[in-house]
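*Asks:* One structure is given below, represented as structure tokens, and several questions about it will come after.
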Amino acid sequence: MKRTYIIAEIGINHNGSLETAKKLIDVAALSGFDAVKFQKRNPDV
């Protein structure tokens with residue numbers, strides 16, 4: 001049987017802060033997630 005991977009949706013909740021993004025990754029890892037997903041947004045568009 002194949003393993004199901006669980007992905008944490010971080011989106012833009014890091015508000016452009018690399019430090020916050022790293023903390024969110026750590027929390028996701030500690031919570032048992034296999035990966036995280038970010039979104040990049042360009043406010044000029």
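How things are named: the first chain in the structure tokens is A, the next is B, and so on; residues count from 1 in each chain; ligands count from 1 in the order shown.
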Within 12 Å of region 23-34 of chain A, counting only C-alpha atoms, which residues show up once you throw out same-chain ones fewer than 3 positions away? Write them as a list in words, please.
*Replies:*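 Everything that qualifies: Arg3, Thr4, Tyr5, Ile6, Ile7, Ala8, Glu9, Ile10, Gly11, Ile12, Asn13, His14, Asn15, Ser17, Leu18, Glu19, Thr20, Lys37 and Phe38 of chain A.
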*Asks:* Write a file of the just-selected residues containing N, CA and C atoms, as a PDB file, in the first residue's frame.
*Replies:*
```pdb
ATOM      1  N   ARG A   3       1.973   5.091   0.758  1.00  0.00           N
ATOM      2  CA  ARG A   3       1.832   6.008   1.893  1.00  0.00           C
ATOM      3  C   ARG A   3       1.201   7.318   1.422  1.00  0.00           C
ATOM      4  N   THR A   4       0.302   7.858   2.216  1.00  0.00           N
ATOM      5  CA  THR A   4      -0.300   9.160   1.932  1.00  0.00           C
ATOM      6  C   THR A   4       0.560  10.245   2.563  1.00  0.00           C
ATOM      7  N   TYR A   5       0.913  11.244   1.768  1.00  0.00           N
ATOM      8  CA  TYR A   5       1.693  12.375   2.271  1.00  0.00           C
ATOM      9  C   TYR A   5       0.752  13.506   2.651  1.00  0.00           C
ATOM     10  N   ILE A   6       1.002  14.106   3.790  1.00  0.00           N
ATOM     11  CA  ILE A   6       0.183  15.208   4.292  1.00  0.00           C
ATOM     12  C   ILE A   6       0.971  16.505   4.110  1.00  0.00           C
ATOM     13  N   ILE A   7       0.339  17.488   3.444  1.00  0.00           N
ATOM     14  CA  ILE A   7       0.997  18.753   3.130  1.00  0.00           C
ATOM     15  C   ILE A   7       0.334  19.884   3.903  1.00  0.00           C
ATOM     16  N   ALA A   8       1.142  20.670   4.613  1.00  0.00           N
ATOM     17  CA  ALA A   8       0.644  21.836   5.350  1.00  0.00           C
ATOM     18  C   ALA A   8       0.572  23.021   4.387  1.00  0.00           C
ATOM     19  N   GLU A   9      -0.562  23.690   4.345  1.00  0.00           N
ATOM     20  CA  GLU A   9      -0.755  24.871   3.504  1.00  0.00           C
ATOM     21  C   GLU A   9      -0.376  26.107   4.312  1.00  0.00           C
ATOM     22  N   ILE A  10       0.766  26.679   4.017  1.00  0.00           N
ATOM     23  CA  ILE A  10       1.204  27.892   4.704  1.00  0.00           C
ATOM     24  C   ILE A  10       0.736  29.122   3.941  1.00  0.00           C
ATOM     25  N   GLY A  11       0.654  28.998   2.620  1.00  0.00           N
ATOM     26  CA  GLY A  11       0.161  30.111   1.809  1.00  0.00           C
ATOM     27  C   GLY A  11       1.034  31.340   1.952  1.00  0.00           C
ATOM     28  N   ILE A  12       0.423  32.461   2.290  1.00  0.00           N
ATOM     29  CA  ILE A  12       1.175  33.709   2.480  1.00  0.00           C
ATOM     30  C   ILE A  12       1.156  34.143   3.944  1.00  0.00           C
ATOM     31  N   ASN A  13       0.890  33.199   4.843  1.00  0.00           N
ATOM     32  CA  ASN A  13       0.804  33.510   6.271  1.00  0.00           C
ATOM     33  C   ASN A  13       2.133  33.937   6.886  1.00  0.00           C
ATOM     34  N   HIS A  14       3.216  33.823   6.144  1.00  0.00           N
ATOM     35  CA  HIS A  14       4.520  34.271   6.641  1.00  0.00           C
ATOM     36  C   HIS A  14       4.694  35.778   6.453  1.00  0.00           C
ATOM     37  N   ASN A  15       3.795  36.405   5.699  1.00  0.00           N
ATOM     38  CA  ASN A  15       3.821  37.861   5.468  1.00  0.00           C
ATOM     39  C   ASN A  15       5.169  38.356   4.952  1.00  0.00           C
ATOM     40  N   SER A  17       8.110  37.255   5.697  1.00  0.00           N
ATOM     41  CA  SER A  17       9.201  37.112   6.664  1.00  0.00           C
ATOM     42  C   SER A  17       9.806  35.710   6.573  1.00  0.00           C
ATOM     43  N   LEU A  18      11.094  35.652   6.230  1.00  0.00           N
ATOM     44  CA  LEU A  18      11.777  34.367   6.162  1.00  0.00           C
ATOM     45  C   LEU A  18      11.816  33.694   7.532  1.00  0.00           C
ATOM     46  N   GLU A  19      12.017  34.469   8.580  1.00  0.00           N
ATOM     47  CA  GLU A  19      12.053  33.921   9.944  1.00  0.00           C
ATOM     48  C   GLU A  19      10.715  33.269  10.306  1.00  0.00           C
ATOM     49  N   THR A  20       9.622  33.947   9.998  1.00  0.00           N
ATOM     50  CA  THR A  20       8.293  33.390  10.274  1.00  0.00           C
ATOM     51  C   THR A  20       8.062  32.137   9.444  1.00  0.00           C
ATOM     52  N   LYS A  37       3.518  23.876   1.800  1.00  0.00           N
ATOM     53  CA  LYS A  37       3.253  24.536   0.523  1.00  0.00           C
ATOM     54  C   LYS A  37       3.114  26.026   0.785  1.00  0.00           C
ATOM     55  N   PHE A  38       3.838  26.805  -0.013  1.00  0.00           N
ATOM     56  CA  PHE A  38       3.762  28.257   0.079  1.00  0.00           C
ATOM     57  C   PHE A  38       3.095  28.808  -1.169  1.00  0.00           C
TER      58      PHE A  38
END
```
*Asks:* From a DSSP calculation on the backbone, collect every residue of chain A in helix (DSSP H, G or I) and output the set as a PyMOL selection string.
*Replies:* chain A and resi 18-30
*Asks:* Pick out each residue of chain A that DSSP on the backbone tags as strand (DSSP E); I need them as a PyMOL selection string.
*Replies:* chain A and resi 7-11+35-38
*Asks:* Any chance you can output those residues with N, CA and C atoms as a JSON list (two decimals), in the first residue's frame?
*Replies:*
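The result, stored in part.json:
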```json
[["chain", "number", "residue", "atom", "x", "y", "z"],
["A", 7, "ILE", "N", 0.34, 17.49, 3.44],
["A", 7, "ILE", "CA", 1.00, 18.75, 3.13],
["A", 7, "ILE", "C", 0.33, 19.88, 3.90],
["A", 8, "ALA", "N", 1.14, 20.67, 4.61],
["A", 8, "ALA", "CA", 0.64, 21.84, 5.35],
["A", 8, "ALA", "C", 0.57, 23.02, 4.39],
["A", 9, "GLU", "N", -0.56, 23.69, 4.34],
["A", 9, "GLU", "CA", -0.75, 24.87, 3.50],
["A", 9, "GLU", "C", -0.38, 26.11, 4.31],
["A", 10, "ILE", "N", 0.77, 26.68, 4.02],
["A", 10, "ILE", "CA", 1.20, 27.89, 4.70],
["A", 10, "ILE", "C", 0.74, 29.12, 3.94],
["A", 11, "GLY", "N", 0.65, 29.00, 2.62],
["A", 11, "GLY", "CA", 0.16, 30.11, 1.81],
["A", 11, "GLY", "C", 1.03, 31.34, 1.95],
["A", 35, "ALA", "N", 5.33, 17.73, 4.25],
["A", 35, "ALA", "CA", 5.79, 18.83, 3.40],
["A", 35, "ALA", "C", 4.98, 20.07, 3.72],
["A", 36, "VAL", "N", 5.45, 21.21, 3.23],
["A", 36, "VAL", "CA", 4.70, 22.46, 3.35],
["A", 36, "VAL", "C", 4.55, 23.07, 1.97],
["A", 37, "LYS", "N", 3.52, 23.88, 1.80],
["A", 37, "LYS", "CA", 3.25, 24.54, 0.52],
["A", 37, "LYS", "C", 3.11, 26.03, 0.78],
["A", 38, "PHE", "N", 3.84, 26.81, -0.01],
["A", 38, "PHE", "CA", 3.76, 28.26, 0.08],
["A", 38, "PHE", "C", 3.10, 28.81, -1.17]]
```
